[in-house]
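Content type mmCIF, C-alpha atoms; chains and numbers go by the auth columns, from the file my_file_9.cif:
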data_my_file
#
loop_
_atom_site.group_PDB
_atom_site.id
_atom_site.type_symbol
_atom_site.label_atom_id
_atom_site.label_comp_id
_atom_site.label_asym_id
_atom_site.label_seq_id
_atom_site.Cartn_x
_atom_site.Cartn_y
_atom_site.Cartn_z
_atom_site.B_iso_or_equiv
_atom_site.auth_seq_id
_atom_site.auth_asym_id
ATOM 1 C CA MET A 1 4.484 89.688 -16.283 0.00 1 A
ATOM 2 C CA VAL A 2 8.238 90.345 -16.171 0.00 2 A
ATOM 3 C CA THR A 3 9.698 90.516 -19.610 0.00 3 A
ATOM 4 C CA SER A 4 13.008 88.907 -20.481 0.00 4 A
ATOM 5 C CA ASP A 5 14.545 92.338 -20.852 0.00 5 A
ATOM 6 C CA GLN A 6 13.425 93.379 -17.357 0.00 6 A
ATOM 7 C CA ARG A 7 14.679 90.089 -15.976 0.00 7 A
ATOM 8 C CA ARG A 8 18.108 90.690 -17.511 0.00 8 A
ATOM 9 C CA ARG A 9 18.237 94.178 -16.008 0.00 9 A
ATOM 10 C CA GLN A 10 17.195 92.835 -12.588 0.00 10 A
ATOM 11 C CA LEU A 11 19.885 90.155 -12.699 0.00 11 A
ATOM 12 C CA ALA A 12 22.464 92.703 -13.788 0.00 12 A
ATOM 13 C CA ARG A 13 21.449 95.019 -10.919 0.00 13 A
ATOM 14 C CA GLU A 14 21.671 92.201 -8.373 0.00 14 A
ATOM 15 C CA LYS A 15 25.089 91.229 -9.727 0.00 15 A
ATOM 16 C CA TYR A 16 26.250 94.858 -9.453 0.00 16 A
ATOM 17 C CA GLU A 17 24.956 95.091 -5.870 0.00 17 A
ATOM 18 C CA ARG A 18 26.759 91.863 -4.944 0.00 18 A
ATOM 19 C CA GLN A 19 29.996 93.204 -6.437 0.00 19 A
ATOM 20 C CA GLN A 20 29.645 96.466 -4.513 0.00 20 A
ATOM 21 C CA LYS A 21 28.987 94.566 -1.304 0.00 21 A
ATOM 22 C CA ARG A 22 32.064 92.385 -1.822 0.00 22 A
ATOM 23 C CA ARG A 23 34.187 95.445 -2.579 0.00 23 A
ATOM 24 C CA ALA A 24 32.904 97.212 0.542 0.00 24 A
ATOM 25 C CA GLU A 25 33.688 94.145 2.651 0.00 25 A
ATOM 26 C CA ALA A 26 37.158 93.950 1.082 0.00 26 A
ATOM 27 C CA ARG A 27 37.809 97.592 1.916 0.00 27 A
ATOM 28 C CA GLN A 28 36.712 97.000 5.521 0.00 28 A
ATOM 29 C CA ARG A 29 39.030 93.992 5.818 0.00 29 A
ATOM 30 C CA SER A 30 41.876 96.056 4.377 0.00 30 A
ATOM 31 C CA ARG A 31 41.252 98.844 6.862 0.00 31 A
ATOM 32 C CA ARG A 32 41.169 96.367 9.754 0.00 32 A
ATOM 33 C CA ARG A 33 44.490 94.841 8.647 0.00 33 A
ATOM 34 C CA ALA A 34 46.038 98.291 8.323 0.00 34 A
ATOM 35 C CA ALA A 35 44.807 99.216 11.792 0.00 35 A
ATOM 36 C CA VAL A 36 46.262 96.021 13.288 0.00 36 A
ATOM 37 C CA ILE A 37 49.579 96.528 11.501 0.00 37 A
ATOM 38 C CA GLY A 38 49.674 100.180 12.575 0.00 38 A
ATOM 39 C CA ALA A 39 49.012 99.252 16.181 0.00 39 A
ATOM 40 C CA ALA A 40 51.719 96.608 16.084 0.00 40 A
ATOM 41 C CA VAL A 41 54.221 99.045 14.608 0.00 41 A
ATOM 42 C CA ALA A 42 53.315 101.609 17.263 0.00 42 A
ATOM 43 C CA VAL A 43 53.908 99.048 20.002 0.00 43 A
ATOM 44 C CA VAL A 44 57.289 98.101 18.529 0.00 44 A
ATOM 45 C CA VAL A 45 58.328 101.742 18.158 0.00 45 A
ATOM 46 C CA ALA A 46 57.178 102.568 21.683 0.00 46 A
ATOM 47 C CA THR A 47 59.080 99.563 23.021 0.00 47 A
ATOM 48 C CA LEU A 48 62.265 100.529 21.181 0.00 48 A
ATOM 49 C CA VAL A 49 61.992 104.112 22.407 0.00 49 A
ATOM 50 C CA GLY A 50 61.480 102.863 25.957 0.00 50 A
ATOM 51 C CA LEU A 51 64.531 100.636 25.706 0.00 51 A
ATOM 52 C CA VAL A 52 66.699 103.432 24.376 0.00 52 A
ATOM 53 C CA VAL A 53 65.468 105.949 26.969 0.00 53 A
ATOM 54 C CA GLY A 54 65.818 103.337 29.707 0.00 54 A
ATOM 55 C CA GLY A 55 69.425 102.736 28.706 0.00 55 A
ATOM 56 C CA VAL A 56 69.091 99.076 27.641 0.00 56 A
ATOM 57 C CA PHE A 57 71.120 99.797 24.496 0.00 57 A
ATOM 58 C CA ASP A 58 73.629 101.972 26.331 0.00 58 A
ATOM 59 C CA LYS A 59 76.364 99.486 27.141 0.00 59 A
ATOM 60 C CA ASP A 60 78.358 102.118 28.992 0.00 60 A
ATOM 61 C CA LYS A 61 75.517 103.251 31.280 0.00 61 A
ATOM 62 C CA LYS A 62 76.360 102.886 34.987 0.00 62 A
ATOM 63 C CA ASP A 63 74.293 102.488 38.126 0.00 63 A
ATOM 64 C CA GLU A 64 73.409 106.037 39.101 0.00 64 A
ATOM 65 C CA ALA A 65 73.258 105.105 42.784 0.00 65 A
ATOM 66 C CA ALA A 66 76.809 103.766 42.677 0.00 66 A
ATOM 67 C CA ASP A 67 78.821 106.376 40.813 0.00 67 A
ATOM 68 C CA PRO A 68 79.040 110.186 41.016 0.00 68 A
ATOM 69 C CA ALA A 69 79.850 110.278 37.304 0.00 69 A
ATOM 70 C CA ALA A 70 76.774 108.339 36.187 0.00 70 A
ATOM 71 C CA ASN A 71 74.377 111.109 36.888 0.00 71 A
ATOM 72 C CA PRO A 72 74.402 114.015 34.431 0.00 72 A
ATOM 73 C CA SER A 73 74.360 116.289 37.415 0.00 73 A
ATOM 74 C CA ALA A 74 78.004 115.455 37.929 0.00 74 A
ATOM 75 C CA ALA A 75 79.024 116.913 34.589 0.00 75 A
ATOM 76 C CA PRO A 76 80.835 120.268 34.773 0.00 76 A
ATOM 77 C CA THR A 77 80.258 122.924 32.152 0.00 77 A
ATOM 78 C CA PRO A 78 82.361 122.288 29.011 0.00 78 A
ATOM 79 C CA GLN A 79 85.675 124.134 28.952 0.00 79 A
ATOM 80 C CA GLN A 80 85.133 127.778 28.086 0.00 80 A
ATOM 81 C CA SER A 81 87.899 129.638 29.902 0.00 81 A
ATOM 82 C CA PRO A 82 91.467 128.913 31.032 0.00 82 A
ATOM 83 C CA SER A 83 92.120 127.436 34.445 0.00 83 A
ATOM 84 C CA PRO A 84 93.624 129.826 37.013 0.00 84 A
ATOM 85 C CA ALA A 85 97.362 130.387 37.084 0.00 85 A
ATOM 86 C CA MET A 86 99.192 128.600 39.883 0.00 86 A
ATOM 87 C CA ALA A 87 99.142 130.946 42.876 0.00 87 A
ATOM 88 C CA ILE A 88 99.502 128.687 45.916 0.00 88 A
ATOM 89 C CA ASP A 89 102.382 127.200 47.845 0.00 89 A
ATOM 90 C CA ASP A 90 102.452 123.677 46.416 0.00 90 A
ATOM 91 C CA LYS A 91 104.233 122.383 49.504 0.00 91 A
ATOM 92 C CA ALA A 92 101.707 123.699 52.009 0.00 92 A
ATOM 93 C CA LYS A 93 98.419 122.508 53.424 0.00 93 A
ATOM 94 C CA TYR A 94 95.200 124.488 53.151 0.00 94 A
ATOM 95 C CA THR A 95 91.876 124.427 54.948 0.00 95 A
ATOM 96 C CA PHE A 96 88.548 124.723 53.165 0.00 96 A
ATOM 97 C CA ALA A 97 85.894 125.954 55.612 0.00 97 A
ATOM 98 C CA LEU A 98 82.269 125.638 54.513 0.00 98 A
ATOM 99 C CA LYS A 99 79.699 127.533 56.520 0.00 99 A
ATOM 100 C CA THR A 100 76.452 125.763 55.596 0.00 100 A
ATOM 101 C CA SER A 101 72.817 125.984 56.588 0.00 101 A
ATOM 102 C CA ALA A 102 73.196 122.544 58.193 0.00 102 A
ATOM 103 C CA GLY A 103 76.360 123.383 60.143 0.00 103 A
ATOM 104 C CA GLY A 104 80.078 123.894 59.618 0.00 104 A
ATOM 105 C CA ILE A 105 82.037 121.466 57.444 0.00 105 A
ATOM 106 C CA THR A 106 85.809 121.897 57.355 0.00 106 A
ATOM 107 C CA PHE A 107 88.400 119.831 55.549 0.00 107 A
ATOM 108 C CA GLU A 108 92.140 119.963 55.030 0.00 108 A
ATOM 109 C CA MET A 109 93.755 119.887 51.569 0.00 109 A
ATOM 110 C CA ASP A 110 97.358 118.893 50.852 0.00 110 A
ATOM 111 C CA ALA A 111 98.725 120.969 47.967 0.00 111 A
ATOM 112 C CA ALA A 112 101.751 118.690 47.639 0.00 112 A
ATOM 113 C CA LYS A 113 99.442 115.855 46.535 0.00 113 A
ATOM 114 C CA THR A 114 96.797 117.795 44.603 0.00 114 A
ATOM 115 C CA PRO A 115 98.284 121.174 43.601 0.00 115 A
ATOM 116 C CA GLN A 116 95.999 121.845 40.624 0.00 116 A
ATOM 117 C CA THR A 117 92.870 120.986 42.584 0.00 117 A
ATOM 118 C CA VAL A 118 93.811 123.039 45.633 0.00 118 A
ATOM 119 C CA ASN A 119 94.848 125.973 43.460 0.00 119 A
ATOM 120 C CA SER A 120 91.518 125.917 41.644 0.00 120 A
ATOM 121 C CA PHE A 121 89.471 125.764 44.838 0.00 121 A
ATOM 122 C CA LYS A 122 91.507 128.559 46.405 0.00 122 A
ATOM 123 C CA SER A 123 90.993 130.720 43.328 0.00 123 A
ATOM 124 C CA LEU A 124 87.237 130.035 43.201 0.00 124 A
ATOM 125 C CA ALA A 125 86.709 130.551 46.933 0.00 125 A
ATOM 126 C CA ASP A 126 88.597 133.864 46.803 0.00 126 A
ATOM 127 C CA LYS A 127 86.035 134.989 44.200 0.00 127 A
ATOM 128 C CA ASN A 128 83.100 133.917 46.452 0.00 128 A
ATOM 129 C CA TYR A 129 82.219 131.280 43.874 0.00 129 A
ATOM 130 C CA PHE A 130 80.751 128.823 46.392 0.00 130 A
ATOM 131 C CA ASP A 131 78.822 131.366 48.447 0.00 131 A
ATOM 132 C CA ASN A 132 75.049 130.802 48.539 0.00 132 A
ATOM 133 C CA THR A 133 75.189 127.606 46.482 0.00 133 A
ATOM 134 C CA LYS A 134 73.221 124.436 47.187 0.00 134 A
ATOM 135 C CA CYS A 135 74.517 120.925 47.710 0.00 135 A
ATOM 136 C CA HIS A 136 72.238 119.411 45.102 0.00 136 A
ATOM 137 C CA ARG A 137 72.679 115.653 45.454 0.00 137 A
ATOM 138 C CA LEU A 138 72.569 113.126 48.294 0.00 138 A
ATOM 139 C CA VAL A 139 73.217 109.427 47.671 0.00 139 A
ATOM 140 C CA THR A 140 72.182 106.965 50.394 0.00 140 A
ATOM 141 C CA GLY A 141 72.612 103.602 48.680 0.00 141 A
ATOM 142 C CA GLY A 142 75.603 101.916 47.016 0.00 142 A
ATOM 143 C CA ILE A 143 77.735 104.919 47.859 0.00 143 A
ATOM 144 C CA PHE A 144 77.193 107.508 50.574 0.00 144 A
ATOM 145 C CA VAL A 145 77.953 111.048 49.503 0.00 145 A
ATOM 146 C CA LEU A 146 76.710 114.621 49.480 0.00 146 A
ATOM 147 C CA GLN A 147 77.590 116.424 46.264 0.00 147 A
ATOM 148 C CA CYS A 148 78.165 120.181 46.140 0.00 148 A
ATOM 149 C CA GLY A 149 80.010 122.848 44.175 0.00 149 A
ATOM 150 C CA ASP A 150 77.517 123.666 41.427 0.00 150 A
ATOM 151 C CA PRO A 151 76.683 127.397 41.404 0.00 151 A
ATOM 152 C CA GLN A 152 73.428 126.613 39.592 0.00 152 A
ATOM 153 C CA GLY A 153 72.333 124.073 42.183 0.00 153 A
ATOM 154 C CA THR A 154 71.129 121.718 39.462 0.00 154 A
ATOM 155 C CA GLY A 155 74.176 119.534 38.918 0.00 155 A
ATOM 156 C CA SER A 156 74.974 120.936 35.480 0.00 156 A
ATOM 157 C CA GLY A 157 77.135 123.926 36.405 0.00 157 A
ATOM 158 C CA GLY A 158 80.850 124.488 36.590 0.00 158 A
ATOM 159 C CA PRO A 159 83.578 127.136 36.460 0.00 159 A
ATOM 160 C CA GLY A 160 83.994 127.058 32.687 0.00 160 A
ATOM 161 C CA TYR A 161 87.253 125.084 32.768 0.00 161 A
ATOM 162 C CA ASN A 162 88.469 121.620 33.732 0.00 162 A
ATOM 163 C CA ILE A 163 91.349 120.550 35.964 0.00 163 A
ATOM 164 C CA PRO A 164 93.470 117.399 35.640 0.00 164 A
ATOM 165 C CA ASP A 165 92.992 114.307 37.780 0.00 165 A
ATOM 166 C CA GLU A 166 95.442 113.983 40.667 0.00 166 A
ATOM 167 C CA ASN A 167 96.340 111.611 43.494 0.00 167 A
ATOM 168 C CA LEU A 168 94.298 108.741 41.993 0.00 168 A
ATOM 169 C CA ASP A 169 96.522 106.032 43.515 0.00 169 A
ATOM 170 C CA ALA A 170 96.153 107.394 47.056 0.00 170 A
ATOM 171 C CA LEU A 171 93.492 104.885 48.099 0.00 171 A
ATOM 172 C CA GLY A 172 95.337 101.756 47.062 0.00 172 A
ATOM 173 C CA LYS A 173 94.987 99.139 44.350 0.00 173 A
ATOM 174 C CA ALA A 174 91.564 98.469 42.835 0.00 174 A
ATOM 175 C CA ASN A 175 89.860 95.149 43.605 0.00 175 A
ATOM 176 C CA GLU A 176 88.473 92.664 41.052 0.00 176 A
ATOM 177 C CA GLN A 177 85.487 94.941 40.521 0.00 177 A
ATOM 178 C CA GLY A 178 87.803 97.805 39.661 0.00 178 A
ATOM 179 C CA GLN A 179 86.940 99.695 42.842 0.00 179 A
ATOM 180 C CA VAL A 180 88.642 101.091 45.912 0.00 180 A
ATOM 181 C CA VAL A 181 87.077 102.293 49.146 0.00 181 A
ATOM 182 C CA TYR A 182 86.705 106.041 49.568 0.00 182 A
ATOM 183 C CA PRO A 183 86.683 106.220 53.390 0.00 183 A
ATOM 184 C CA ALA A 184 84.187 108.272 55.374 0.00 184 A
ATOM 185 C CA GLY A 185 85.481 111.808 55.643 0.00 185 A
ATOM 186 C CA THR A 186 87.023 111.860 52.162 0.00 186 A
ATOM 187 C CA VAL A 187 86.414 114.819 49.846 0.00 187 A
ATOM 188 C CA ALA A 188 86.816 114.031 46.141 0.00 188 A
ATOM 189 C CA MET A 189 86.179 115.617 42.766 0.00 189 A
ATOM 190 C CA ALA A 190 83.069 114.715 40.781 0.00 190 A
ATOM 191 C CA ASN A 191 83.500 114.355 37.033 0.00 191 A
ATOM 192 C CA THR A 192 81.775 113.198 33.862 0.00 192 A
ATOM 193 C CA GLY A 193 83.438 109.799 33.865 0.00 193 A
ATOM 194 C CA GLN A 194 86.065 111.017 31.424 0.00 194 A
ATOM 195 C CA PRO A 195 89.680 111.710 32.451 0.00 195 A
ATOM 196 C CA GLY A 196 90.452 115.316 33.333 0.00 196 A
ATOM 197 C CA SER A 197 86.814 116.426 33.397 0.00 197 A
ATOM 198 C CA GLY A 198 86.653 117.818 36.941 0.00 198 A
ATOM 199 C CA GLY A 199 85.385 121.357 37.423 0.00 199 A
ATOM 200 C CA SER A 200 84.041 122.747 40.682 0.00 200 A
ATOM 201 C CA GLN A 201 81.714 119.960 41.821 0.00 201 A
ATOM 202 C CA PHE A 202 82.919 117.734 44.639 0.00 202 A
ATOM 203 C CA PHE A 203 81.465 115.082 46.906 0.00 203 A
ATOM 204 C CA LEU A 204 81.719 114.622 50.662 0.00 204 A
ATOM 205 C CA VAL A 205 81.824 110.985 51.768 0.00 205 A
ATOM 206 C CA TYR A 206 79.944 110.369 55.020 0.00 206 A
ATOM 207 C CA LYS A 207 80.273 106.549 55.005 0.00 207 A
ATOM 208 C CA ASP A 208 82.817 104.222 53.378 0.00 208 A
ATOM 209 C CA SER A 209 81.961 104.037 49.668 0.00 209 A
ATOM 210 C CA PRO A 210 83.273 101.663 46.942 0.00 210 A
ATOM 211 C CA LEU A 211 84.109 103.531 43.740 0.00 211 A
ATOM 212 C CA ALA A 212 86.410 103.337 40.775 0.00 212 A
ATOM 213 C CA PRO A 213 89.676 105.179 41.570 0.00 213 A
ATOM 214 C CA THR A 214 88.917 107.894 39.016 0.00 214 A
ATOM 215 C CA TYR A 215 87.866 110.722 41.333 0.00 215 A
ATOM 216 C CA THR A 216 90.612 112.941 42.722 0.00 216 A
ATOM 217 C CA PRO A 217 90.656 112.600 46.537 0.00 217 A
ATOM 218 C CA PHE A 218 91.851 115.949 47.817 0.00 218 A
ATOM 219 C CA GLY A 219 90.492 116.555 51.325 0.00 219 A
ATOM 220 C CA LYS A 220 89.766 115.066 54.734 0.00 220 A
ATOM 221 C CA ILE A 221 86.722 116.257 56.700 0.00 221 A
ATOM 222 C CA ASP A 222 87.057 117.009 60.406 0.00 222 A
ATOM 223 C CA ALA A 223 84.983 115.122 62.999 0.00 223 A
ATOM 224 C CA ALA A 224 82.462 117.927 63.509 0.00 224 A
ATOM 225 C CA GLY A 225 81.863 118.246 59.780 0.00 225 A
ATOM 226 C CA LEU A 226 81.378 114.500 59.432 0.00 226 A
ATOM 227 C CA LYS A 227 78.645 114.611 62.093 0.00 227 A
ATOM 228 C CA VAL A 228 76.883 117.355 60.142 0.00 228 A
ATOM 229 C CA LEU A 229 76.936 115.157 57.034 0.00 229 A
ATOM 230 C CA GLU A 230 75.631 112.159 58.938 0.00 230 A
ATOM 231 C CA GLU A 231 72.697 114.190 60.225 0.00 231 A
ATOM 232 C CA VAL A 232 71.859 115.378 56.715 0.00 232 A
ATOM 233 C CA ALA A 233 72.036 111.780 55.475 0.00 233 A
ATOM 234 C CA LYS A 234 69.620 110.602 58.190 0.00 234 A
ATOM 235 C CA GLY A 235 66.982 112.869 56.680 0.00 235 A
ATOM 236 C CA GLY A 236 67.290 111.085 53.345 0.00 236 A
ATOM 237 C CA THR A 237 66.425 112.536 49.973 0.00 237 A
ATOM 238 C CA ALA A 238 63.517 114.845 49.228 0.00 238 A
ATOM 239 C CA ASP A 239 61.624 112.152 47.293 0.00 239 A
ATOM 240 C CA GLY A 240 62.562 109.238 49.538 0.00 240 A
ATOM 241 C CA GLY A 241 64.773 107.597 46.909 0.00 241 A
ATOM 242 C CA GLN A 242 68.442 106.699 47.184 0.00 242 A
ATOM 243 C CA ASP A 243 69.716 109.467 44.928 0.00 243 A
ATOM 244 C CA GLY A 244 68.370 113.007 44.794 0.00 244 A
ATOM 245 C CA PRO A 245 68.302 116.405 46.476 0.00 245 A
ATOM 246 C CA PRO A 246 68.646 116.101 50.266 0.00 246 A
ATOM 247 C CA LYS A 247 65.433 116.475 52.246 0.00 247 A
ATOM 248 C CA THR A 248 67.370 118.683 54.655 0.00 248 A
ATOM 249 C CA PRO A 249 68.478 121.553 52.406 0.00 249 A
ATOM 250 C CA VAL A 250 72.209 122.254 52.533 0.00 250 A
ATOM 251 C CA THR A 251 73.285 125.682 51.318 0.00 251 A
ATOM 252 C CA ILE A 252 76.915 126.771 51.395 0.00 252 A
ATOM 253 C CA GLU A 253 76.551 130.237 52.849 0.00 253 A
ATOM 254 C CA LYS A 254 80.279 130.909 52.712 0.00 254 A
ATOM 255 C CA GLY A 255 83.277 128.970 51.412 0.00 255 A
ATOM 256 C CA THR A 256 86.756 130.049 52.468 0.00 256 A
ATOM 257 C CA VAL A 257 90.184 128.572 51.706 0.00 257 A
ATOM 258 C CA THR A 258 93.104 129.525 53.927 0.00 258 A
ATOM 259 C CA LYS A 259 96.707 128.412 54.162 0.00 259 A
ATOM 260 C CA ASN A 260 97.524 126.504 57.358 0.00 260 A
#

For this file, write the structure as structure tokens.
Amino acid sequence: MVTSDQRRRQLAREKYERQQKRRAEARQRSRRRAAVIGAAVAVVVATLVGLVVGGVFDKDKKDEAADPAANPSAAPTPQQSPSPAMAIDDKAKYTFALKTSAGGITFEMDAAKTPQTVNSFKSLADKNYFDNTKCHRLVTGGIFVLQCGDPQGTGSGGPGYNIPDENLDALGKANEQGQVVYPAGTVAMANTGQPGSGGSQFFLVYKDSPLAPTYTPFGKIDAAGLKVLEEVAKGGTADGGQDGPPKTPVTIEKGTVTKN
């Protein structure tokens, strides 16, 4: 027979077990809520990071396939050394001859219109700066250019100084979209998108391209050189996209500037 004292102890034990069970269930529910909240926070954080990395919050971000300045590869090295002293005839015309692995590309530069640019290119070429450098970027959509002039071949190099913008009104008045047409055969300076940020990188236009008039146009490619560019463009980019290294490698074997 169960005594009253035993009965009380049994009831107390059962009550204790029920309390422990409820506490265990409460802890499990708490852990599940924490896990759900943690997962939700992780999703939100991941989404925000994706938006920032993707440029959704960057109001000033431009279409990389429509602007040489949008891609970081266009950015010259920050200013570290003085630009070269003026050493050209600023009333003369000069020829920049590029011997490349894809063929010869020659263009004429008018020092009267772009004296600082021509002087810089003459100074760099005289130091063999462009020799054995790669043209690192081909754009085949939106604009149509081959970009060269980076000694590192990555798009991040430059001469260690910047030169001022010149001749920006040469291509006429901008349209409602703030653009002008850079005609096929034009050679112009690449920059970071900021005024006066040109270095040594330049782009060769192989097909009419609409751009903001913020890139110094300083050369005109000859017919033979334009054909070389068109052939390179037909090969497309290495990854098949509209903006990237050309599938047909273009290395400047020798760059020479001479007075006409």

With 12 Å as the threshold, what does the neighbourhood of (99.7, 134.2, 54.3) contain in terms of residues, counting all atoms listed in the file? Coordinates are those of the file; answer as an mmCIF file with C-alpha atoms, keeping the file's coordinate frame.
data_model
loop_
_atom_site.group_PDB
_atom_site.id
_atom_site.type_symbol
_atom_site.label_atom_id
_atom_site.label_comp_id
_atom_site.auth_asym_id
_atom_site.auth_seq_id
_atom_site.Cartn_x
_atom_site.Cartn_y
_atom_site.Cartn_z
ATOM 1 C CA ALA A 87 99.142 130.946 42.876
ATOM 2 C CA ILE A 88 99.502 128.687 45.916
ATOM 3 C CA ASP A 89 102.382 127.200 47.845
ATOM 4 C CA ALA A 92 101.707 123.699 52.009
ATOM 5 C CA LYS A 93 98.419 122.508 53.424
ATOM 6 C CA TYR A 94 95.200 124.488 53.151
ATOM 7 C CA VAL A 257 90.184 128.572 51.706
ATOM 8 C CA THR A 258 93.104 129.525 53.927
ATOM 9 C CA LYS A 259 96.707 128.412 54.162
ATOM 10 C CA ASN A 260 97.524 126.504 57.358
#

Residue nearest Phe130 (chain A) - candidates A:Ile105, A:Lys99, A:Ala170, A:Thr154, atoms counted: all atoms listed in the file: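 Of A:Ile105, A:Lys99, A:Ala170, A:Thr154, the one nearest Phe130 (chain A) is A:Lys99, counting all atoms listed in the file.
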
d(CA of Ala102 (chain A), CA of Val250 (chain A)) in Å: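 Taking CA of Ala102 (chain A) as the start and CA of Val250 (chain A) as the end point, the length is 5.8 Å.
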
Within-9 Å shell of (89.0, 115.8, 34.2) in input frame, only C-alpha atoms, as a PyMOL selection string: chain A and resi 162-165+190-199+215

Output C-alpha atoms for every residue in that selection, as a PDB file, in the coordinates of the input.
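Done, and the output landed in result-v9.pdb:
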ATOM      1  CA  ASN A 162      88.469 121.620  33.732  1.00  0.00           C
ATOM      2  CA  ILE A 163      91.349 120.550  35.964  1.00  0.00           C
ATOM      3  CA  PRO A 164      93.470 117.399  35.640  1.00  0.00           C
ATOM      4  CA  ASP A 165      92.992 114.307  37.780  1.00  0.00           C
ATOM      5  CA  ALA A 190      83.069 114.715  40.781  1.00  0.00           C
ATOM      6  CA  ASN A 191      83.500 114.355  37.033  1.00  0.00           C
ATOM      7  CA  THR A 192      81.775 113.198  33.862  1.00  0.00           C
ATOM      8  CA  GLY A 193      83.438 109.799  33.865  1.00  0.00           C
ATOM      9  CA  GLN A 194      86.065 111.017  31.424  1.00  0.00           C
ATOM     10  CA  PRO A 195      89.680 111.710  32.451  1.00  0.00           C
ATOM     11  CA  GLY A 196      90.452 115.316  33.333  1.00  0.00           C
ATOM     12  CA  SER A 197      86.814 116.426  33.397  1.00  0.00           C
ATOM     13  CA  GLY A 198      86.653 117.818  36.941  1.00  0.00           C
ATOM     14  CA  GLY A 199      85.385 121.357  37.423  1.00  0.00           C
ATOM     15  CA  TYR A 215      87.866 110.722  41.333  1.00  0.00           C
TER      16      TYR A 215
END

Pairwise distance for CA of Val205 (chain A) and CA of Val181 (chain A), rounded to one decimal in Å: 10.5 Å

Residue IDs satisfying the PyMOL selection byres ((chain A and resi 232-244) around 9), as a PyMOL selection string: chain A and resi 64-65+102+136-142+144-146+206+227-231+245-250

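Our summary of the geometry notes that CA of Ala97 (chain A) is positioned 29.2 Å from CA of Gln179 (chain A).
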
Selection result for the PyMOL selection byres ((chain A and resi 86) around 12) on this file, as an NGL selection string: :A and (82-85 or 87-90 or 111 or 115-123 or 163)

Can you tell me, as a short mmCIF file (atom, residue, chain, number, x, y, z; two decimals) with C-alpha atoms, keeping the file's coordinate frame, what residues are no more than 7 Å from Cys135 (chain A) when counting all atoms listed in the file, ignoring any on the same chain fewer than 4 positions away?
data_model
loop_
_atom_site.label_atom_id
_atom_site.label_comp_id
_atom_site.auth_asym_id
_atom_site.auth_seq_id
_atom_site.Cartn_x
_atom_site.Cartn_y
_atom_site.Cartn_z
CA LEU A 146 76.71 114.62 49.48
CA GLN A 147 77.59 116.42 46.26
CA CYS A 148 78.17 120.18 46.14
CA GLY A 149 80.01 122.85 44.18
CA GLY A 153 72.33 124.07 42.18
CA VAL A 250 72.21 122.25 52.53
CA THR A 251 73.28 125.68 51.32
#

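Residues selected in this file by the PyMOL selection byres ((chain A and resi 177) around 10) comprise A:Ala174, A:Asn175, A:Glu176, A:Gly178, A:Gln179, A:Val180, A:Pro210, A:Leu211, A:Ala212.
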
Nearest candidate to Asn128 (chain A) (options A:Pro151, A:Gly160, A:Met109, A:Lys21; using only C-alpha atoms): A:Pro151

Which residue of A:Lys134, A:Lys127, A:Lys91, A:Lys207 approaches Thr114 (chain A) most closely, using all atoms listed in the file: A:Lys91

Nearest-residue call for Ser101 (chain A), choices A:Thr133, A:Ala223, A:Thr256, A:Lys173, using only C-alpha atoms: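 That would be A:Thr133, the residue with the smallest distance to Ser101 (chain A).
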
Residue with smallest distance to Tyr161 (chain A) - pool A:Thr186, A:Thr100, A:Gln201, A:Thr95, counting all atoms listed in the file: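 With all atoms listed in the file as the atom set, the closest residue is A:Gln201.
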
Minimum-distance residue to Phe218 (chain A), chosen among A:Glu108, A:Ala125, A:Gly157, A:Ile252 (using only C-alpha atoms): A:Glu108

Spatial neighbours of Ala188 (chain A), max dist 7 Å, all atoms listed in the file, sep filter under 3 positions, as a list in words: Phe202, Phe203, Leu204, Tyr215, Thr216, Pro217, Phe218 and Gly219 of chain A

Keeping C-alpha atoms for every residue in the selection just given, could you write it to a file as a PDB file, in the coordinates of the input?
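Writing done, so here's out.pdb:
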ATOM      1  CA  PHE A 202      82.919 117.734  44.639  1.00  0.00           C
ATOM      2  CA  PHE A 203      81.465 115.082  46.906  1.00  0.00           C
ATOM      3  CA  LEU A 204      81.719 114.622  50.662  1.00  0.00           C
ATOM      4  CA  TYR A 215      87.866 110.722  41.333  1.00  0.00           C
ATOM      5  CA  THR A 216      90.612 112.941  42.722  1.00  0.00           C
ATOM      6  CA  PRO A 217      90.656 112.600  46.537  1.00  0.00           C
ATOM      7  CA  PHE A 218      91.851 115.949  47.817  1.00  0.00           C
ATOM      8  CA  GLY A 219      90.492 116.555  51.325  1.00  0.00           C
TER       9      GLY A 219
END

Atoms kept (N, CA and C atoms) for region 101-106 of chain A, as a short mmCIF file (atom, residue, chain, number, x, y, z; two decimals), in the first residue's frame:
data_model
loop_
_atom_site.label_atom_id
_atom_site.label_comp_id
_atom_site.auth_asym_id
_atom_site.auth_seq_id
_atom_site.Cartn_x
_atom_site.Cartn_y
_atom_site.Cartn_z
N SER A 101 51.83 43.23 -82.46
CA SER A 101 51.79 41.82 -82.86
C SER A 101 50.66 41.54 -83.83
N ALA A 102 49.70 42.46 -83.94
CA ALA A 102 48.57 42.28 -84.86
C ALA A 102 48.77 43.04 -86.16
N GLY A 103 49.80 43.89 -86.22
CA GLY A 103 50.05 44.69 -87.41
C GLY A 103 50.36 46.13 -87.01
N GLY A 104 50.76 46.92 -87.99
CA GLY A 104 51.13 48.31 -87.73
C GLY A 104 49.93 49.22 -87.57
N ILE A 105 49.97 50.08 -86.57
CA ILE A 105 48.93 51.08 -86.35
C ILE A 105 49.63 52.43 -86.21
N THR A 106 49.33 53.35 -87.12
CA THR A 106 49.97 54.65 -87.12
C THR A 106 48.92 55.74 -87.04
#
